[in-house]
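Below is start.cif, which holds mmCIF, C-alpha atoms.
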data_protein
loop_
_atom_site.group_PDB
_atom_site.id
_atom_site.type_symbol
_atom_site.label_atom_id
_atom_site.label_comp_id
_atom_site.auth_asym_id
_atom_site.auth_seq_id
_atom_site.Cartn_x
_atom_site.Cartn_y
_atom_site.Cartn_z
ATOM 1 C CA MET N 1 -13.115 -25.453 6.988
ATOM 2 C CA ALA N 2 -12.460 -24.434 3.375
ATOM 3 C CA GLU N 3 -15.822 -25.807 2.212
ATOM 4 C CA GLN N 4 -17.607 -24.043 5.055
ATOM 5 C CA ILE N 5 -16.089 -20.614 4.354
ATOM 6 C CA ILE N 6 -16.660 -20.908 0.612
ATOM 7 C CA SER N 7 -20.298 -21.820 1.203
ATOM 8 C CA LEU N 8 -20.752 -18.759 3.421
ATOM 9 C CA LEU N 9 -18.945 -16.459 0.986
ATOM 10 C CA LYS N 10 -21.221 -17.577 -1.855
ATOM 11 C CA GLU N 11 -24.162 -16.247 0.139
ATOM 12 C CA ILE N 12 -22.477 -12.840 0.271
ATOM 13 C CA LEU N 13 -20.705 -12.426 -3.076
ATOM 14 C CA PRO N 14 -21.301 -13.500 -6.676
ATOM 15 C CA ASP N 15 -19.162 -16.444 -7.787
ATOM 16 C CA GLU N 16 -16.984 -14.274 -10.046
ATOM 17 C CA ASP N 17 -15.857 -12.263 -7.002
ATOM 18 C CA ILE N 18 -14.560 -15.369 -5.198
ATOM 19 C CA LEU N 19 -11.264 -16.816 -6.431
ATOM 20 C CA LEU N 20 -9.632 -19.968 -5.062
ATOM 21 C CA GLN N 21 -5.880 -20.557 -4.854
ATOM 22 C CA GLU N 22 -5.270 -17.132 -6.390
ATOM 23 C CA ARG N 23 -1.559 -16.423 -6.820
ATOM 24 C CA MET N 24 -0.664 -13.256 -4.985
ATOM 25 C CA GLU N 25 2.135 -12.415 -7.417
ATOM 26 C CA LYS N 26 -0.700 -11.089 -9.612
ATOM 27 C CA HIS N 27 -1.739 -8.623 -6.927
ATOM 28 C CA THR N 28 1.524 -7.173 -5.599
ATOM 29 C CA SER N 29 3.876 -4.647 -7.169
ATOM 30 C CA PHE N 30 6.793 -6.964 -6.248
ATOM 31 C CA ARG N 31 5.218 -9.592 -8.561
ATOM 32 C CA ILE N 32 5.975 -12.121 -5.826
ATOM 33 C CA GLY N 33 3.725 -14.356 -3.747
ATOM 34 C CA GLY N 34 2.209 -17.827 -3.575
ATOM 35 C CA PRO N 35 -1.514 -18.648 -3.570
ATOM 36 C CA ALA N 36 -4.121 -17.332 -1.166
ATOM 37 C CA ASP N 37 -6.648 -19.994 -0.210
ATOM 38 C CA VAL N 38 -9.488 -17.588 -1.013
ATOM 39 C CA PHE N 39 -9.412 -14.158 -2.664
ATOM 40 C CA VAL N 40 -12.552 -12.011 -2.606
ATOM 41 C CA MET N 41 -13.443 -8.665 -4.185
ATOM 42 C CA PRO N 42 -16.295 -6.975 -2.287
ATOM 43 C CA GLU N 43 -17.938 -3.885 -3.708
ATOM 44 C CA ASN N 44 -19.347 -2.241 -0.592
ATOM 45 C CA THR N 45 -18.995 -1.961 3.175
ATOM 46 C CA SER N 46 -21.837 -4.365 3.871
ATOM 47 C CA GLN N 47 -20.138 -7.132 1.902
ATOM 48 C CA ILE N 48 -16.829 -6.513 3.694
ATOM 49 C CA ARG N 49 -18.575 -6.682 7.062
ATOM 50 C CA HIS N 50 -20.294 -9.965 6.181
ATOM 51 C CA VAL N 51 -17.097 -11.500 4.754
ATOM 52 C CA ILE N 52 -15.255 -10.742 7.999
ATOM 53 C CA GLU N 53 -18.138 -12.179 10.038
ATOM 54 C CA ALA N 54 -17.967 -15.342 7.927
ATOM 55 C CA CYS N 55 -14.211 -15.609 8.491
ATOM 56 C CA ARG N 56 -14.688 -15.186 12.233
ATOM 57 C CA SER N 57 -17.396 -17.832 12.401
ATOM 58 C CA CYS N 58 -15.100 -20.326 10.617
ATOM 59 C CA GLY N 59 -11.956 -19.358 12.522
ATOM 60 C CA MET N 60 -10.427 -18.384 9.173
ATOM 61 C CA PRO N 61 -7.648 -15.742 9.095
ATOM 62 C CA TRP N 62 -8.209 -12.781 6.786
ATOM 63 C CA PHE N 63 -6.114 -9.974 5.351
ATOM 64 C CA VAL N 64 -7.293 -6.739 3.748
ATOM 65 C CA LEU N 65 -5.412 -5.857 0.559
ATOM 66 C CA GLY N 66 -5.279 -2.579 -1.295
ATOM 67 C CA ASN N 67 -3.183 -2.186 -4.429
ATOM 68 C CA GLY N 68 -0.433 -4.460 -3.066
ATOM 69 C CA THR N 69 2.299 -1.853 -3.506
ATOM 70 C CA ASN N 70 3.833 -2.116 -0.045
ATOM 71 C CA LEU N 71 3.565 -5.850 0.506
ATOM 72 C CA LEU N 72 5.715 -8.974 0.347
ATOM 73 C CA VAL N 73 3.743 -12.230 0.289
ATOM 74 C CA SER N 74 5.519 -15.468 1.189
ATOM 75 C CA ASP N 75 6.285 -18.111 -1.405
ATOM 76 C CA GLN N 76 3.794 -20.406 0.347
ATOM 77 C CA GLY N 77 1.055 -17.797 0.005
ATOM 78 C CA PHE N 78 -1.606 -17.182 2.647
ATOM 79 C CA ARG N 79 -3.742 -19.764 4.416
ATOM 80 C CA GLY N 80 -6.816 -17.608 4.738
ATOM 81 C CA VAL N 81 -9.047 -15.112 2.954
ATOM 82 C CA VAL N 82 -7.628 -12.047 1.187
ATOM 83 C CA ILE N 83 -10.197 -9.244 0.994
ATOM 84 C CA GLN N 84 -9.271 -6.866 -1.795
ATOM 85 C CA ILE N 85 -10.550 -3.308 -1.542
ATOM 86 C CA GLY N 86 -9.823 -2.394 -5.127
ATOM 87 C CA LYS N 87 -11.521 -1.403 -8.366
ATOM 88 C CA LYS N 88 -14.996 -2.238 -7.123
ATOM 89 C CA MET N 89 -14.587 0.397 -4.393
ATOM 90 C CA SER N 90 -12.654 3.014 -6.353
ATOM 91 C CA HIS N 91 -15.275 5.696 -7.043
ATOM 92 C CA SER N 92 -14.094 9.288 -6.756
ATOM 93 C CA GLU N 93 -15.746 12.640 -7.403
ATOM 94 C CA ALA N 94 -14.897 16.310 -7.025
ATOM 95 C CA ASP N 95 -17.224 18.524 -4.998
ATOM 96 C CA GLY N 96 -15.995 22.104 -4.975
ATOM 97 C CA GLU N 97 -12.575 22.015 -3.303
ATOM 98 C CA ARG N 98 -13.127 18.537 -1.929
ATOM 99 C CA ILE N 99 -12.618 15.109 -3.452
ATOM 100 C CA ILE N 100 -14.662 12.234 -2.060
ATOM 101 C CA ALA N 101 -13.219 8.818 -2.876
ATOM 102 C CA GLY N 102 -13.449 5.145 -2.022
ATOM 103 C CA ALA N 103 -10.525 3.362 -0.416
ATOM 104 C CA GLY N 104 -9.816 1.424 -3.605
ATOM 105 C CA ALA N 105 -9.210 4.555 -5.693
ATOM 106 C CA LEU N 106 -5.611 4.872 -6.895
ATOM 107 C CA LEU N 107 -3.741 7.995 -5.809
ATOM 108 C CA SER N 108 -2.649 8.555 -9.403
ATOM 109 C CA GLY N 109 -6.294 8.659 -10.512
ATOM 110 C CA ILE N 110 -7.299 11.022 -7.709
ATOM 111 C CA ALA N 111 -4.388 13.313 -8.604
ATOM 112 C CA LEU N 112 -5.601 13.450 -12.212
ATOM 113 C CA LEU N 113 -9.140 14.198 -11.022
ATOM 114 C CA ALA N 114 -7.740 17.028 -8.910
ATOM 115 C CA ARG N 115 -5.755 18.398 -11.837
ATOM 116 C CA ASN N 116 -8.766 18.220 -14.146
ATOM 117 C CA ASN N 117 -10.763 20.234 -11.598
ATOM 118 C CA ALA N 118 -7.979 22.804 -11.090
ATOM 119 C CA LEU N 119 -7.360 21.633 -7.518
ATOM 120 C CA THR N 120 -3.840 21.911 -6.133
ATOM 121 C CA GLY N 121 -2.224 20.187 -3.146
ATOM 122 C CA MET N 122 -2.176 16.613 -4.385
ATOM 123 C CA GLU N 123 0.658 16.877 -6.899
ATOM 124 C CA PHE N 124 3.118 15.099 -4.573
ATOM 125 C CA ALA N 125 0.935 11.968 -4.526
ATOM 126 C CA GLY N 126 0.427 11.615 -8.267
ATOM 127 C CA GLY N 127 3.286 9.134 -8.640
ATOM 128 C CA ILE N 128 2.662 7.107 -5.471
ATOM 129 C CA PRO N 129 1.457 3.756 -6.859
ATOM 130 C CA GLY N 130 -0.860 2.778 -3.992
ATOM 131 C CA SER N 131 -4.555 3.174 -3.281
ATOM 132 C CA LEU N 132 -6.211 5.733 -1.027
ATOM 133 C CA GLY N 133 -6.957 3.212 1.716
ATOM 134 C CA GLY N 134 -3.351 2.136 2.076
ATOM 135 C CA ALA N 135 -2.123 5.715 1.835
ATOM 136 C CA ALA N 136 -4.471 6.811 4.629
ATOM 137 C CA TRP N 137 -3.551 3.761 6.742
ATOM 138 C CA MET N 138 0.144 4.677 6.733
ATOM 139 C CA ASN N 139 0.055 8.442 6.055
ATOM 140 C CA ALA N 140 1.949 7.949 2.801
ATOM 141 C CA GLY N 141 4.083 10.762 1.491
ATOM 142 C CA ALA N 142 6.593 11.902 -1.109
ATOM 143 C CA TYR N 143 8.535 15.008 -2.065
ATOM 144 C CA GLY N 144 7.736 16.894 1.116
ATOM 145 C CA GLY N 145 4.010 16.156 1.120
ATOM 146 C CA GLU N 146 2.009 13.720 3.228
ATOM 147 C CA MET N 147 -1.577 12.514 3.210
ATOM 148 C CA LYS N 148 -2.188 14.365 6.476
ATOM 149 C CA ASP N 149 -1.742 17.614 4.513
ATOM 150 C CA ILE N 150 -4.785 16.914 2.357
ATOM 151 C CA LEU N 151 -6.930 14.260 4.073
ATOM 152 C CA THR N 152 -9.613 15.801 6.271
ATOM 153 C CA GLU N 153 -11.957 12.868 6.965
ATOM 154 C CA VAL N 154 -11.770 9.098 6.720
ATOM 155 C CA THR N 155 -14.541 6.544 6.921
ATOM 156 C CA LEU N 156 -13.515 3.481 8.892
ATOM 157 C CA LEU N 157 -14.956 0.058 9.561
ATOM 158 C CA SER N 158 -14.045 -0.988 13.091
ATOM 159 C CA GLU N 159 -13.238 -4.541 14.159
ATOM 160 C CA ASP N 160 -16.739 -4.897 15.612
ATOM 161 C CA GLY N 161 -18.340 -3.864 12.304
ATOM 162 C CA GLU N 162 -19.185 -0.265 13.168
ATOM 163 C CA GLU N 163 -18.839 2.278 10.358
ATOM 164 C CA LYS N 164 -17.713 5.728 11.430
ATOM 165 C CA THR N 165 -16.343 8.892 9.837
ATOM 166 C CA VAL N 166 -13.648 10.727 11.795
ATOM 167 C CA PRO N 167 -11.323 13.702 11.232
ATOM 168 C CA TYR N 168 -8.001 12.397 9.932
ATOM 169 C CA LYS N 169 -6.042 14.553 12.385
ATOM 170 C CA ASP N 170 -7.682 12.652 15.257
ATOM 171 C CA LEU N 171 -5.875 9.523 14.034
ATOM 172 C CA GLN N 172 -2.521 11.102 14.946
ATOM 173 C CA PRO N 173 -0.867 10.719 11.537
ATOM 174 C CA GLY N 174 2.926 10.715 11.819
ATOM 175 C CA TYR N 175 5.781 9.468 9.668
ATOM 176 C CA ARG N 176 4.294 6.389 7.965
ATOM 177 C CA THR N 177 1.976 5.746 10.885
ATOM 178 C CA THR N 178 -1.553 6.413 12.166
ATOM 179 C CA LEU N 179 -3.750 5.119 14.966
ATOM 180 C CA ILE N 180 -5.605 3.078 12.323
ATOM 181 C CA GLN N 181 -2.721 0.604 12.363
ATOM 182 C CA GLU N 182 -2.999 0.093 16.123
ATOM 183 C CA ARG N 183 -6.778 -0.177 16.213
ATOM 184 C CA GLY N 184 -7.130 -2.634 13.351
ATOM 185 C CA ASP N 185 -9.774 -0.515 11.598
ATOM 186 C CA LEU N 186 -10.274 -0.685 7.837
ATOM 187 C CA VAL N 187 -10.329 2.417 5.658
ATOM 188 C CA ILE N 188 -13.479 2.462 3.508
ATOM 189 C CA GLY N 189 -13.263 5.943 2.017
ATOM 190 C CA ALA N 190 -11.991 9.454 2.616
ATOM 191 C CA VAL N 191 -12.440 13.139 1.906
ATOM 192 C CA LEU N 192 -9.526 15.214 0.618
ATOM 193 C CA THR N 193 -9.644 18.998 0.877
ATOM 194 C CA LEU N 194 -7.563 20.900 -1.684
ATOM 195 C CA THR N 195 -7.437 24.474 -2.971
ATOM 196 C CA LYS N 196 -8.152 26.044 -6.328
ATOM 197 C CA GLY N 197 -5.079 26.483 -8.484
ATOM 198 C CA ASP N 198 -3.841 27.060 -11.993
ATOM 199 C CA PRO N 199 -4.378 23.918 -14.119
ATOM 200 C CA GLU N 200 -1.202 24.479 -16.145
ATOM 201 C CA ALA N 201 0.927 24.997 -13.029
ATOM 202 C CA ILE N 202 -0.556 21.817 -11.524
ATOM 203 C CA ARG N 203 0.189 19.870 -14.691
ATOM 204 C CA GLN N 204 3.756 21.148 -14.815
ATOM 205 C CA ARG N 205 4.405 20.280 -11.166
ATOM 206 C CA MET N 206 3.069 16.737 -11.654
ATOM 207 C CA GLN N 207 5.196 16.337 -14.763
ATOM 208 C CA GLU N 208 8.275 17.648 -12.939
ATOM 209 C CA LEU N 209 7.827 15.197 -10.042
ATOM 210 C CA GLN N 210 7.238 12.282 -12.423
ATOM 211 C CA GLN N 211 10.449 13.144 -14.237
ATOM 212 C CA LYS N 212 12.309 13.110 -10.905
ATOM 213 C CA ARG N 213 10.892 9.666 -10.164
ATOM 214 C CA ASN N 214 11.874 8.358 -13.567
ATOM 215 C CA GLU N 215 15.426 9.651 -13.112
ATOM 216 C CA LYS N 216 15.997 8.535 -9.531
ATOM 217 C CA GLN N 217 13.836 5.465 -8.945
ATOM 218 C CA PRO N 218 14.074 1.998 -10.575
ATOM 219 C CA LEU N 219 10.544 2.105 -11.964
ATOM 220 C CA GLU N 220 11.483 -0.359 -14.713
ATOM 221 C CA TYR N 221 11.624 -3.210 -12.151
ATOM 222 C CA PRO N 222 8.967 -4.649 -9.839
ATOM 223 C CA SER N 223 9.457 -3.409 -6.280
ATOM 224 C CA ALA N 224 7.525 -2.280 -3.215
ATOM 225 C CA GLY N 225 8.900 1.247 -3.357
ATOM 226 C CA SER N 226 11.043 2.400 -0.438
ATOM 227 C CA THR N 227 11.989 -0.784 1.412
ATOM 228 C CA PHE N 228 12.913 0.820 4.733
ATOM 229 C CA LYS N 229 11.578 3.751 6.711
ATOM 230 C CA ARG N 230 13.777 6.821 6.996
ATOM 231 C CA PRO N 231 15.743 6.566 10.273
ATOM 232 C CA GLU N 232 15.710 9.782 12.268
ATOM 233 C CA GLY N 233 18.649 11.916 11.187
ATOM 234 C CA TYR N 234 19.569 9.688 8.237
ATOM 235 C CA PHE N 235 18.449 8.539 4.799
ATOM 236 C CA ALA N 236 18.054 4.777 4.398
ATOM 237 C CA GLY N 237 19.281 4.760 0.798
ATOM 238 C CA LYS N 238 22.491 6.625 1.677
ATOM 239 C CA LEU N 239 23.236 4.314 4.625
ATOM 240 C CA ILE N 240 22.768 1.275 2.393
ATOM 241 C CA SER N 241 24.928 2.773 -0.326
ATOM 242 C CA ASP N 242 27.638 3.814 2.160
ATOM 243 C CA ALA N 243 27.639 0.245 3.482
ATOM 244 C CA GLY N 244 28.712 -0.885 0.001
ATOM 245 C CA LEU N 245 25.427 -2.679 -0.680
ATOM 246 C CA ARG N 246 24.350 -0.919 -3.866
ATOM 247 C CA GLY N 247 23.854 -3.769 -6.345
ATOM 248 C CA TYR N 248 23.972 -6.460 -3.624
ATOM 249 C CA GLN N 249 21.923 -9.449 -4.780
ATOM 250 C CA VAL N 250 20.299 -12.561 -3.294
ATOM 251 C CA GLY N 251 18.723 -14.794 -5.935
ATOM 252 C CA GLY N 252 16.514 -12.571 -8.075
ATOM 253 C CA ALA N 253 16.313 -9.811 -5.457
ATOM 254 C CA ARG N 254 18.721 -6.898 -5.692
ATOM 255 C CA VAL N 255 19.484 -3.600 -4.010
ATOM 256 C CA SER N 256 18.869 -1.171 -6.855
ATOM 257 C CA ASP N 257 21.963 0.380 -8.418
ATOM 258 C CA LYS N 258 19.843 3.410 -9.263
ATOM 259 C CA HIS N 259 18.448 3.997 -5.758
ATOM 260 C CA ALA N 260 19.811 1.914 -2.878
ATOM 261 C CA GLY N 261 16.632 2.482 -0.875
ATOM 262 C CA PHE N 262 14.758 0.166 -3.260
ATOM 263 C CA VAL N 263 14.896 -3.629 -3.341
ATOM 264 C CA ILE N 264 13.925 -4.796 -6.823
ATOM 265 C CA ASN N 265 12.812 -8.043 -8.404
ATOM 266 C CA THR N 266 15.218 -8.540 -11.305
ATOM 267 C CA GLY N 267 13.111 -11.458 -12.548
ATOM 268 C CA GLY N 268 11.908 -14.566 -10.784
ATOM 269 C CA ALA N 269 12.814 -13.391 -7.292
ATOM 270 C CA ALA N 270 11.299 -15.455 -4.496
ATOM 271 C CA ALA N 271 9.975 -13.922 -1.294
ATOM 272 C CA ARG N 272 12.716 -15.741 0.613
ATOM 273 C CA ASP N 273 15.305 -13.935 -1.569
ATOM 274 C CA VAL N 274 13.835 -10.544 -0.681
ATOM 275 C CA MET N 275 13.561 -11.465 2.989
ATOM 276 C CA GLN N 276 17.176 -12.634 3.162
ATOM 277 C CA LEU N 277 18.393 -9.545 1.334
ATOM 278 C CA MET N 278 16.489 -7.211 3.683
ATOM 279 C CA GLN N 279 17.937 -8.984 6.722
ATOM 280 C CA ASP N 280 21.453 -8.811 5.267
ATOM 281 C CA VAL N 281 21.063 -5.079 4.639
ATOM 282 C CA GLN N 282 19.756 -4.459 8.156
ATOM 283 C CA GLU N 283 22.656 -6.392 9.726
ATOM 284 C CA LYS N 284 25.341 -4.708 7.628
ATOM 285 C CA VAL N 285 24.009 -1.189 8.188
ATOM 286 C CA TYR N 286 23.701 -1.795 11.925
ATOM 287 C CA SER N 287 27.190 -3.271 12.195
ATOM 288 C CA MET N 288 28.749 -0.342 10.321
ATOM 289 C CA PHE N 289 26.710 2.624 11.559
ATOM 290 C CA GLY N 290 24.771 1.427 14.617
ATOM 291 C CA VAL N 291 21.501 2.385 12.903
ATOM 292 C CA THR N 292 18.533 0.023 12.905
ATOM 293 C CA LEU N 293 16.622 0.072 9.606
ATOM 294 C CA GLU N 294 12.925 -0.607 10.066
ATOM 295 C CA ARG N 295 11.067 -2.259 7.193
ATOM 296 C CA GLU N 296 8.431 -0.190 5.461
ATOM 297 C CA VAL N 297 7.312 -3.270 3.506
ATOM 298 C CA ARG N 298 4.582 -5.339 5.160
ATOM 299 C CA LEU N 299 4.740 -9.140 5.250
ATOM 300 C CA LEU N 300 1.943 -11.634 4.623
ATOM 301 C CA GLY N 301 2.229 -15.382 5.136
ATOM 302 C CA ASP N 302 4.891 -17.541 6.748
ATOM 303 C CA PHE N 303 8.548 -16.562 6.483
#

If you convert what's in this file into structure tokens, what do you get?
Amino acid sequence: MAEQIISLLKEILPDEDILLQERMEKHTSFRIGGPADVFVMPENTSQIRHVIEACRSCGMPWFVLGNGTNLLVSDQGFRGVVIQIGKKMSHSEADGERIIAGAGALLSGIALLARNNALTGMEFAGGIPGSLGGAAWMNAGAYGGEMKDILTEVTLLSEDGEEKTVPYKDLQPGYRTTLIQERGDLVIGAVLTLTKGDPEAIRQRMQELQQKRNEKQPLEYPSAGSTFKRPEGYFAGKLISDAGLRGYQVGGARVSDKHAGFVINTGGAAARDVMQLMQDVQEKVYSMFGVTLEREVRLLGDF
């Protein structure tokens, strides 16, 4: 099967865009993860469509990866094809009060583009480490802002290979969720609509939010950001801290002393360490407060 899929992929992509046994620790913000059988880096929608068709014809599982900032990959890796929508699909341009960008564009880069064009509304997203595709997929947010506040259109590739552009509001964006997740569509690109603002005020607001992140979040360690979703009526970090789990450690994985809502890789953490720690936290918080913490981190591979 491996020879068959590789042969088909070589008809679609140049050799340098096909990597074999690529360690996923290189592609996740956790810096954790074993090898993917095949790792490909398409540069347009047509290539993505053909790669998926090739996977289907070979019965090969596939997974679409963005910037890997909300992902835990198993120590055994992934027996399939990882399709990275990254740098090769990261174009972005300002057009009046709109920004048109590919799914691989980093939110930090789009925020700088907005600032440089005196466009306000995206300041909250400047420090979110993910890409536009992942942010649209989950309606990412921070500091009171969400992608639904600024995303007006998204271009999707459906499971049957149809490309379509739809209003973002039609995808029912809620707290860390959209219909995209249920449908299995892929985000290819999006349009953000902002408003004209004062460049200095925009710069100051971005600087202020970055300072808050530096003070409150353990940015000096690899992590996947907020590990758990915010339970209704509570804050995950406070529940974890109140449960006495600040600093709790399994192997190289640790509940951050700085912000208990973050699980960090203190160095050499295995995926099984992170998984065990997350389960321990969920069990302790539930036993003490009767609150179920739902993971925000996605899993890839066997656990």

The PyMOL selection byres ((chain N and resi 30) around 6) resolved against shown file, as an mmCIF file with C-alpha atoms, keeping the file's coordinate frame:
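The resulting result-v2.cif:
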data_model
loop_
_atom_site.group_PDB
_atom_site.id
_atom_site.type_symbol
_atom_site.label_atom_id
_atom_site.label_comp_id
_atom_site.auth_asym_id
_atom_site.auth_seq_id
_atom_site.Cartn_x
_atom_site.Cartn_y
_atom_site.Cartn_z
ATOM 1 C CA THR N 28 1.524 -7.173 -5.599
ATOM 2 C CA SER N 29 3.876 -4.647 -7.169
ATOM 3 C CA ARG N 31 5.218 -9.592 -8.561
ATOM 4 C CA ILE N 32 5.975 -12.121 -5.826
ATOM 5 C CA PRO N 222 8.967 -4.649 -9.839
ATOM 6 C CA SER N 223 9.457 -3.409 -6.280
ATOM 7 C CA ALA N 224 7.525 -2.280 -3.215
#

On this file, the PyMOL selection byres ((chain N and resi 62-79) around 7) gives some set of residues; write that set as a PyMOL selection string. chain N and resi 24+27-30+32-37+55+60-61+80-86+104+129-131+133-134+224-225+270-271+297-303

For segment 48-56 of chain N, what centre and edge lengths in Å (one decimal) does the axis-aligned box get once 3 Å is added on each side of all its listed atoms, as JSON?
{"center_x": -17.3, "center_y": -11.1, "center_z": 8.0, "size_x": 12.1, "size_y": 15.1, "size_z": 14.5}

Looking at N:Glu208, N:Glu200, N:Asp160, N:Glu232, which one is nearest to Ile52 of chain N, with distances taken over only C-alpha atoms? N:Asp160

Restricting the calculation to all atoms listed in the file: of N:Val38, N:Ala142, N:Cys58, N:Ala190, which residue gets closest to Gln21 of chain N?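 Checking each of N:Val38, N:Ala142, N:Cys58, N:Ala190 against Gln21 of chain N, counting all atoms listed in the file, the winner is N:Val38.
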
Selection result of the PyMOL selection byres ((chain N and resi 116) around 12) on this file, as a PyMOL selection string: chain N and resi 93-94+99+109-115+117-120+122-123+196-203

Using all atoms listed in the file, which of N:Asp170, N:Asp242, N:Glu220, N:Glu182 sits nearest Gly261 of chain N?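 Distance minimum relative to Gly261 of chain N lands on N:Asp242.
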
So, counting only C-alpha atoms, which residue among N:Thr227, N:Thr195, N:Asp185, N:Val263 is closest to Asp95 of chain N?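 Result for the nearest residue to Asp95 of chain N: N:Thr195.
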
What is the distance between atom CA of Ile188 of chain N and atom CA of Tyr168 of chain N, in Å to one decimal? 13.0 Å

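Near Ile48 of chain N, within 10 Å and counting all atoms listed in the file, sit Ile12, Leu13, Val40, Met41, Pro42, Glu43, Asn44, Thr45, Val51, Ile52, Glu53, Ala54, Val64, Ile83, Gln84, Ile85, Leu157, Gly161, Leu186 and Ile188 of chain N; same-chain residues fewer than 3 positions away were not included.
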
So that I can check the surroundings of Val154 of chain N, please list as a compact mmCIF listing (two decimals) with C-alpha atoms, keeping the file's coordinate frame every protein, DNA and RNA residue that reaches within 9 Å of it, counting all atoms listed in the file and ignoring chain neighbours fewer than 4 positions away.
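The file below, selection35.txt, is the result:
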# COMPACT_ATOMS: atom_id res chain seq x y z
CA ALA N 136 -4.47 6.81 4.63
CA LYS N 164 -17.71 5.73 11.43
CA THR N 165 -16.34 8.89 9.84
CA VAL N 166 -13.65 10.73 11.80
CA PRO N 167 -11.32 13.70 11.23
CA TYR N 168 -8.00 12.40 9.93
CA VAL N 187 -10.33 2.42 5.66
CA ILE N 188 -13.48 2.46 3.51
CA GLY N 189 -13.26 5.94 2.02
CA ALA N 190 -11.99 9.45 2.62
CA VAL N 191 -12.44 13.14 1.91
CA LEU N 192 -9.53 15.21 0.62

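Restricting the calculation to only C-alpha atoms, the smallest distance between Glu283 of chain N and any of N:Gly267, N:Glu162, N:Leu245, N:Arg213 is found for N:Leu245.
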
Just to confirm, what's the straight-line distance from atom CA of Ile150 of chain N to atom CA of Thr193 of chain N in Å (one decimal)? 5.5 Å

Could you tell me which of N:Asn265, N:Asn214, N:Thr177, N:Gln282 comes closest to Ile240 of chain N if we count all atoms listed in the file?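 Of N:Asn265, N:Asn214, N:Thr177, N:Gln282, the one nearest Ile240 of chain N, counting all atoms listed in the file, is N:Gln282.
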
In Å, rounded to a single decimal, give me how far atom CA of His50 of chain N is from atom CA of Glu163 of chain N.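 Value for the atom CA of Glu163 of chain N-atom CA of His50 of chain N distance: 13.0 Å.
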
Would you mind listing what lies within 8 Å of Leu293 of chain N as a short mmCIF file (atom, residue, chain, number, x, y, z; two decimals) with C-alpha atoms, keeping the file's coordinate frame, with all atoms listed in the file counted and same-chain residues fewer than 6 positions away left out?
data_model
loop_
_atom_site.label_atom_id
_atom_site.label_comp_id
_atom_site.auth_asym_id
_atom_site.auth_seq_id
_atom_site.Cartn_x
_atom_site.Cartn_y
_atom_site.Cartn_z
CA PHE N 228 12.91 0.82 4.73
CA LYS N 229 11.58 3.75 6.71
CA ARG N 230 13.78 6.82 7.00
CA PRO N 231 15.74 6.57 10.27
CA ALA N 236 18.05 4.78 4.40
CA GLN N 282 19.76 -4.46 8.16
CA VAL N 285 24.01 -1.19 8.19
CA TYR N 286 23.70 -1.80 11.92
#

Can you tell me, as a VMD selection string, what residues are no more than 6 Å from segment 247-257 of chain N when counting all atoms listed in the file, ignoring any on the same chain fewer than 3 positions away? chain N and resid 260 262 to 269 273 to 274 277

Missing atoms in segment 263-274 of chain N: fill them in up to N, CA and C atoms and send the result as a compact mmCIF listing (two decimals), keeping the file's coordinate frame.
# COMPACT_ATOMS: atom_id res chain seq x y z
N VAL N 263 14.58 -2.24 -3.01
CA VAL N 263 14.90 -3.63 -3.34
C VAL N 263 14.03 -3.99 -4.54
N ILE N 264 14.65 -4.51 -5.58
CA ILE N 264 13.92 -4.80 -6.82
C ILE N 264 13.91 -6.29 -7.13
N ASN N 265 12.92 -6.67 -7.89
CA ASN N 265 12.81 -8.04 -8.40
C ASN N 265 13.38 -8.02 -9.82
N THR N 266 14.58 -8.58 -9.99
CA THR N 266 15.22 -8.54 -11.30
C THR N 266 14.63 -9.57 -12.26
N GLY N 267 13.75 -10.42 -11.73
CA GLY N 267 13.11 -11.46 -12.55
C GLY N 267 13.15 -12.79 -11.82
N GLY N 268 11.98 -13.27 -11.44
CA GLY N 268 11.91 -14.57 -10.78
C GLY N 268 12.35 -14.58 -9.34
N ALA N 269 12.43 -13.42 -8.71
CA ALA N 269 12.81 -13.39 -7.29
C ALA N 269 11.75 -14.07 -6.44
N ALA N 270 12.20 -14.84 -5.45
CA ALA N 270 11.30 -15.46 -4.50
C ALA N 270 11.20 -14.55 -3.28
N ALA N 271 10.13 -14.72 -2.51
CA ALA N 271 9.98 -13.92 -1.29
C ALA N 271 11.14 -14.19 -0.33
N ARG N 272 11.60 -15.42 -0.30
CA ARG N 272 12.72 -15.74 0.61
C ARG N 272 13.99 -14.99 0.20
N ASP N 273 14.16 -14.73 -1.11
CA ASP N 273 15.30 -13.94 -1.57
C ASP N 273 15.22 -12.52 -1.02
N VAL N 274 14.03 -11.92 -1.15
CA VAL N 274 13.84 -10.54 -0.68
C VAL N 274 14.02 -10.47 0.83
